[in-house]
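Participant: Before anything else, here's the structure in question.
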Amino acid sequence: MKKRTAKILASLCAAVLAMGVLAGCGSGSGSSNAGSGTEAAAGSGSEGAAETAEAGTPLVVGYSHFNSKFSPFFAETAYDQDVATMTQLGLLASDRTGAIVYKGIEGETIAYNGTDYTYYGPADLVVTENEDGTVFYDFTLRDDLTFSDGEKLTVDDIIFSMYVLCDPTYDGSSTLYSQPIQGMAEYRSGMETLFNLMVKAGRDNTDFTNWTEEQQKALWEDIDQAGAAFAQSIADYCIANGYNAEGDSIAKCAANWGYELPEDADAKGFWDAMVEAYEGDIMACSDTENAGTGLTGFMNDYDSYTIGVKTGDSAANISGIQKIDDTHLRVVASEVDATMIYQLSLNIAPMHYYGDASLYDYDNNSFGFPKGDLSSVRAKTTQPMGAGPYKFDKYENGVVYFTANDSYFQGAPKTKSVQFREMSDADKLNSVTTGTADITDPSINKDAVAAIKAANSNGDIVGDKITTDLVDNLGYGYIGMNSHNVAVGDDPASDASKNLRRAIATILCVYRDVAIDTYYGELADVINYPISNTSWAAPQPADDGYQIAFSTDVEGNPIYTSEMTAEEKSAAAEKAALGFFEAAGYTVADGKVTAAPEGAKMEFEAWIPADGSGDHPSFMILDEASKSFANIGINFTIKDLTNSSDLWTALEAGQVDIWCAAWGATVDPDMYQIYYSDIANGGAEAGGSNYMYKIEDAELDEMILAARKSVDQSYRKSVYKACLDKIIDWACEIPVYQRQNAIIFSTERVNMDTVTPDITTFYGWLNEIQNIEMN
C-alpha cells in the first residue's frame with residue numbers, strides 16, 4: 001500500500017533511516033582521531049575514562065516533544081528515536097559520510113575533510129557475493145560486550161532482535177522483513193494480526209472462529225473513539241499552525257483539510273467523512289490523513305489486538321538467519337540488494353529484558369518469544385534498555401533523565417547525567433543563551449543567525465556564548481511538474497512535451513540564485529541535480545559531465561555567460577524558452593508565444609504552500625518567473641496555499657500542473673521509491689511519487705533496478721548519474737536548493753574541545769556523547 005506518511009510531512013515523502021535529529025546517526029558507535037584516544041575508544045568498560053571535576057553537572061539538551069515510544073523497535077519520531085539511541089548499541093557503525101564500517105572490532109581509519117578518524121563498532125562484517133547469486137553477510141561479534149545491567153551480549157541477542165523485526169505481527173518502522181533474506185517469505189506467511197483480520201472482516205462480521213463477539217464489539221467501540229480523537233488531532237493541528245483560528249469549529253478545520261461538513265459536525269462526523277472518502281478503508285485513511293499520529297495511536301487497547309492468528313502454513317524459522325556460535329552470525333540473502341546492509345544496521349536489544357530467555361532455543365526454532373506475540377517487547381516501549389552509552393532513568397514532566405553506562409564498550413561517559421528537556425521550537429535558541437539548555441537544534445533562518453551573532457561578542461555564529469554547527473539537511477527543495485498536465489497531446493514522453501517542460505524549467509531556473517540567497521542567505525545552496533548534496537551519489541562540479549540545470553538552449557548551446565547581469569540572464573532565459581516553445585509546436589512571433597498546438601495550453605498554474613503570504617524559499621522564483629512568462633505571452637499564475645495538505649490531496653488527484661515542495665532523503669541514494677514507474681507492469685509496483693511526476697520510462701526503471709543489484713559504489717554512482725540525467729531530460733523536476741540545519745552549543749557550559757569534530761548529516765555529536773565534558 002502506498003503510504004503518504006502524513007499530509008503535514010508529505011514534503012518529506014521519502015523514508016528515512018532512524019537517525020536522530022540532533023544525533024545525525026543513531027548507531028551507538030563512534031570514532032576518535034587516529035593517534036589520540038584510540039586506546040580508550042577500543043577498550044571496553046570504564047578503563048581510560050577520566051573523571052572530571054564537573055562530571056556531576058548534567059548535560060541538558062533541548063528537544064521537541066516526545067511521544068514516549070522509546071523502544072528500539074517501535075520508536076517513530078526522530079526525538080523518541082534519539083532517546084532509544086542513548087541506550088542502544090547498533091550492530092554496525094558508520095562513518096561521517098554514512099558509509100558502513102566493516103571492521104568495527106579493531107577499528108577502521110577513514111579520512112574525512114583532511115583528518116583521519118578511527119571508527120569502532122561491536123562487530124566486523126564480511127560480505128560475499130556467490131556464483132549462484134546468493135550473498136553471505138558474515139558477522140563477527142566482540143566477545144567482551146555487556147548490556148547496561150551487566151548481562152553478557154551475544155549473537156543470541158542479535159538473532160532475537162532480528163526475529164522481532166521480522167515477526168508477522170511487527171508493525172514498527174523497520175523494514176528488515178522486506179529484504180531478500182532466504183526463508184523470510186515462508187516464515188511470515190500463514191499468520192495475520194488479530195487487528196488486521198477483525199478490521200478486514202468489518203463491524204458486521206458474524207464469523208467468530210478467531211475472536212469472540214464481545215472482542216469485536218470492544219474493538220469497534222475503541223476504533224470509534226480513536227477515530228474521533230484522530231479527527232480532533234487534525235483540527236488541533238490546523239489551529240496550532242495558524243490554518244484556523246482558536247475556537248474554530250470542527251467544520252471550519254475540516255474545510256482546511258479538504259472536507260466539507262455541516263457547521264454542527266463533531267469530531268466523529270469528521271472521522272466518518274474521511275473514512276467514507278476512503279471507501280471504508282480505515283487504515284488507508286489513517287496512513288494518509290494523519291496529523292502526525294495514526295489511528296492506532298489513539299486506541300485505548302491496540303496492543304490487545306496485535307497478537308498473531310494462524311491462517312495457514314508457515315516455516316518455523318528464517319533459514320537465512322544462521323547462528324554459527326556465540327560470536328558469529330551469517331545472514332543469507334537470495335540476491336544482491338544494495339539497501340540491505342543499512343537494514344542490517346539494527347540495534348542489538350537485550351533478549352532477557354525485551355523477551356524471555358527461557359523461550360530461546362535456537363536449535364528448536366524458539367527465539368525468545370512466541371511467534372506472533374510481541375507483547376513482552378511492546379510492554380517495554382516506554383522503558384528502553386540496552387548496551388548504549390547511557391541508561392534510561394525516567395521520563396517525567398517533559399524531561400527524559402539518563403545516567404552513564406559505565407560498562408559502555410567505548411569507555412564510561414565523562415558526563416554522568418544527561419537530560420533531554422522538552423521545549424517549543426520558538427524557545428530553543430533562547431534556551432541556550434539563558435542557560436535552560438546546553439545543546440539544541442533551533443529552526444535556522446536569517447533571523448536566527450542574526451540573533452546568534454548578536455549573542456556572541458565577536459558577531460559571528462561561533463563565539464563566546466554560542467557555538468553553531470551547520471550541516472546539510474538530509475533532503476532538498478524542488479519544483480515539480482506533472483508530465484501529463486504539462487504536455488503536448490497525449491504523450492508526455494514526446495519531444496514536444498519535453499520541450500514544453502524545458503521551456504518552463506528554463507525560466508524558473510534563472511531565478512533560483514537570487515530567490516534562495518534572499519530567503520536563506522548562507523544557509524542554503526542552489527543545486528543542479530534532483531538529489532541531496534549529502535549523498536555520495538550527488539554529482540559534483542568537478543565531475544565530468546556536470547551541468548547547471550536547464551542552462552542550454554534548444555540546440556544545446558549555453559544560454560548564459562559569466563559576464564551577464566541579472567537582467568541580461570532573464571532576457572537570455574526568455575529567448576531560450578521561446579526556442580523550446582517553438583520546438584514544442586507553439587507559434588512564436590515577434591518575441592511572444594501566440595498560439596498553442598493541439599493538445600497543449602497557454603496558461604499554467606503553480607501551487608506553493610507559502611501560508612498565503614509568500615513565505616516559502618521558492619516563492620520569489622515563481623513570482624519573478626510569472627513576469628517573464630507574461631513578457632513572452634504565457635499566462636503563469638501562482639496559487640499560494642494556506643494549508644499544505646491541500647497540495648498533497650490535489651497532487652494525488654492529478655490536479656496540479658506545477659508545485660513547490662521538498663524531498664527527504666536516505667543514507668542510501670536508492671531511487672526506487674521516488675522514480676521507479678514499473679511501466680512494464682502497468683505501474684503495479686510504482687514508486688511512491690509516480691502519481692506526482694508520472695514519469696513512465698522503461699530505461700530509467702532498468703537503471704534503477706541495476707543500481708540496486710550492486711554494492712560497488714563507483715558503479716552505482718555512474719548509474720545514478722545516468723538516472724539523474726534521464727530525470728532532467730524529462731524536465732519534470734527542477735532541483736532548487738540544499739538547505740542547512742543547525743545544532744547550537746553553549747560555549748560557556750560545554751567543553752567544545754570534547755564535542756565530536758567534523759559533525760556531518762550522518763555523524764552527529766550524539767555519536768561520541770561519551771566524550772563530552774562540561775566546563
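Residue names in the C-alpha cells use chain letters A, B, ... in the order shown, residue numbers from 1 in each chain, and ligand numbers from 1 in the order shown.
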If we count only C-alpha atoms and set the cut-off at 9 Å, which residues sit around Glu582 of chain A, ignoring sequence neighbours fewer than 4 positions away in its own chain? Please answer as a list in words.
Facilitator: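 The neighbour list is Asn499, Leu500, Ala577, Leu578, Tyr586, Thr587, Val588 and Val593 of chain A.
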Participant: Residues of the last selection are to be written out with N, CA and C atoms, as a tab-separated table (two decimals), in the first residue's frame.
Facilitator:
```
chain	number	residue	atom	x	y	z
A	499	ASN	N	10.02	19.42	-24.55
A	499	ASN	CA	10.45	20.77	-24.88
A	499	ASN	C	9.55	21.82	-24.22
A	500	LEU	N	8.26	21.52	-24.09
A	500	LEU	CA	7.36	22.42	-23.37
A	500	LEU	C	7.83	22.56	-21.92
A	577	ALA	N	13.67	30.10	-23.80
A	577	ALA	CA	12.37	29.48	-23.60
A	577	ALA	C	11.52	29.55	-24.86
A	578	LEU	N	11.59	30.67	-25.57
A	578	LEU	CA	10.84	30.78	-26.82
A	578	LEU	C	11.28	29.71	-27.81
A	586	TYR	N	4.54	25.27	-30.49
A	586	TYR	CA	3.85	26.54	-30.26
A	586	TYR	C	4.19	27.53	-31.37
A	587	THR	N	3.28	28.44	-31.65
A	587	THR	CA	3.54	29.50	-32.63
A	587	THR	C	4.21	30.66	-31.91
A	588	VAL	N	5.36	31.09	-32.43
A	588	VAL	CA	6.12	32.18	-31.84
A	588	VAL	C	6.30	33.28	-32.88
A	593	VAL	N	4.85	34.02	-27.60
A	593	VAL	CA	4.09	32.83	-27.96
A	593	VAL	C	2.67	33.28	-28.26
```
Participant: Tell me, which residues of segment 249-381 of chain A carry DSSP alpha helix (DSSP H), written as JSON, numbers by chain?
Facilitator: {"A": [250, 251, 252, 253, 254, 255, 256, 267, 268, 269, 270, 271, 272, 273, 274, 275, 276, 277, 282, 283, 284, 285, 286, 287, 288, 289, 340, 341, 342, 343, 351, 352, 353, 354, 375, 376, 377, 378]}
Participant: Please indicate the distance in Å from atom CA of Glu605 of chain A to atom CA of Val656 of chain A, rounded to one decimal place.
Facilitator: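 Separation between atom CA of Glu605 of chain A and atom CA of Val656 of chain A: 7.5 Å.
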Participant: Using only C-alpha atoms, which of the listed residues (A:Ala610, A:Ile239, A:Val554, A:Met752) sits closest to Asn771 of chain A?
Facilitator: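 Going through A:Ala610, A:Ile239, A:Val554, A:Met752 one by one, the smallest distance to Asn771 of chain A is for A:Met752.
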Participant: As a list in words, which residues of segment 108-224 of chain A does DSSP assign to strand (DSSP E)?
Facilitator: Glu108, Thr109, Ile110, Ala111, Tyr112, Thr115, Asp116, Tyr117, Thr118, Tyr119, Ala123, Asp124, Leu125, Val126, Val127, Thr128, Glu129, Val135, Phe136, Tyr137, Asp138, Phe139, Thr140, Leu141, Met191, Glu192 and Thr193 of chain A
Participant: Kindly indicate which residue among A:Arg421, A:Lys310, A:Arg142, A:Arg188 lies nearest to Phe409 of chain A, using only C-alpha atoms for the distances.
Facilitator: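 Among the listed residues, A:Arg142 lies closest to Phe409 of chain A.
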Participant: Could you tell me which of A:Ala742, A:Ser366, A:Ile321, A:Thr534 comes closest to Ile444 of chain A if we count only C-alpha atoms?
Facilitator: A:Ala742
Participant: Let me make sure I understand: among A:Thr468, A:Asn67, A:Ser375, A:Gln540, which one has the smallest atom-to-atom distance to Ser746 of chain A if we use only C-alpha atoms?
Facilitator: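 Ranked by minimum distance to Ser746 of chain A, first place goes to A:Thr468.
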Participant: So that I can see what lies close to segment 671-681 of chain A, please list as a JSON list (two decimals) with N, CA and C atoms, in the first residue's frame the residues with an atom at most 7 Å from it, counting only C-alpha atoms and leaving out residues fewer than 2 positions away in the same chain.
Facilitator:
```json
[["chain", "number", "residue", "atom", "x", "y", "z"],
["A", 14, "ALA", "N", 10.07, 10.66, 1.18],
["A", 14, "ALA", "CA", 10.95, 9.51, 1.19],
["A", 14, "ALA", "C", 11.22, 9.03, 2.59],
["A", 669, "PRO", "N", 21.28, 6.22, -1.70],
["A", 669, "PRO", "CA", 20.57, 7.03, -2.71],
["A", 669, "PRO", "C", 19.63, 6.25, -3.62],
["A", 683, "GLY", "N", 2.53, -0.09, -13.89],
["A", 683, "GLY", "CA", 2.65, 0.74, -12.70],
["A", 683, "GLY", "C", 2.22, 0.05, -11.42],
["A", 684, "ALA", "N", 2.10, -1.29, -11.44],
["A", 684, "ALA", "CA", 1.61, -2.01, -10.26],
["A", 684, "ALA", "C", 2.52, -1.83, -9.05],
["A", 685, "GLU", "N", 3.82, -1.74, -9.28],
["A", 685, "GLU", "CA", 4.77, -1.58, -8.17],
["A", 685, "GLU", "C", 5.52, -0.25, -8.29],
["A", 686, "ALA", "N", 4.85, 0.76, -8.77],
["A", 686, "ALA", "CA", 5.50, 2.05, -9.00],
["A", 686, "ALA", "C", 5.94, 2.69, -7.70],
["A", 687, "GLY", "N", 6.97, 3.53, -7.81],
["A", 687, "GLY", "CA", 7.45, 4.26, -6.65],
["A", 687, "GLY", "C", 6.39, 5.23, -6.13],
["A", 688, "GLY", "N", 6.60, 5.66, -4.88],
["A", 688, "GLY", "CA", 5.59, 6.45, -4.19],
["A", 688, "GLY", "C", 5.26, 7.78, -4.83],
["A", 689, "SER", "N", 6.16, 8.34, -5.65],
["A", 689, "SER", "CA", 5.90, 9.65, -6.23],
["A", 689, "SER", "C", 5.41, 9.56, -7.67],
["A", 690, "ASN", "N", 5.24, 8.35, -8.17],
["A", 690, "ASN", "CA", 4.88, 8.22, -9.57],
["A", 690, "ASN", "C", 3.56, 8.93, -9.88],
["A", 695, "ILE", "N", 6.32, 10.08, -14.49],
["A", 695, "ILE", "CA", 7.39, 9.65, -15.40],
["A", 695, "ILE", "C", 7.18, 8.16, -15.70],
["A", 696, "GLU", "N", 7.13, 7.81, -16.96],
["A", 696, "GLU", "CA", 6.97, 6.40, -17.35],
["A", 696, "GLU", "C", 8.07, 6.10, -18.36],
["A", 697, "ASP", "N", 9.14, 5.49, -17.85],
["A", 697, "ASP", "CA", 10.34, 5.32, -18.67],
["A", 697, "ASP", "C", 10.98, 3.97, -18.35],
["A", 698, "ALA", "N", 10.89, 3.04, -19.28],
["A", 698, "ALA", "CA", 11.41, 1.68, -19.07],
["A", 698, "ALA", "C", 12.92, 1.69, -18.87],
["A", 701, "ASP", "N", 13.66, 2.76, -15.38],
["A", 701, "ASP", "CA", 13.36, 1.64, -14.48],
["A", 701, "ASP", "C", 14.49, 0.62, -14.45],
["A", 704, "ILE", "N", 17.47, 1.94, -12.45],
["A", 704, "ILE", "CA", 17.21, 1.97, -11.01],
["A", 704, "ILE", "C", 17.38, 0.57, -10.42]]
```
Participant: Report, in Å with one decimal, the straight-line distance from atom CA of Met198 of chain A to atom CA of Ser173 of chain A.
Facilitator: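 Between atom CA of Met198 of chain A and atom CA of Ser173 of chain A the gap works out to 22.4 Å.
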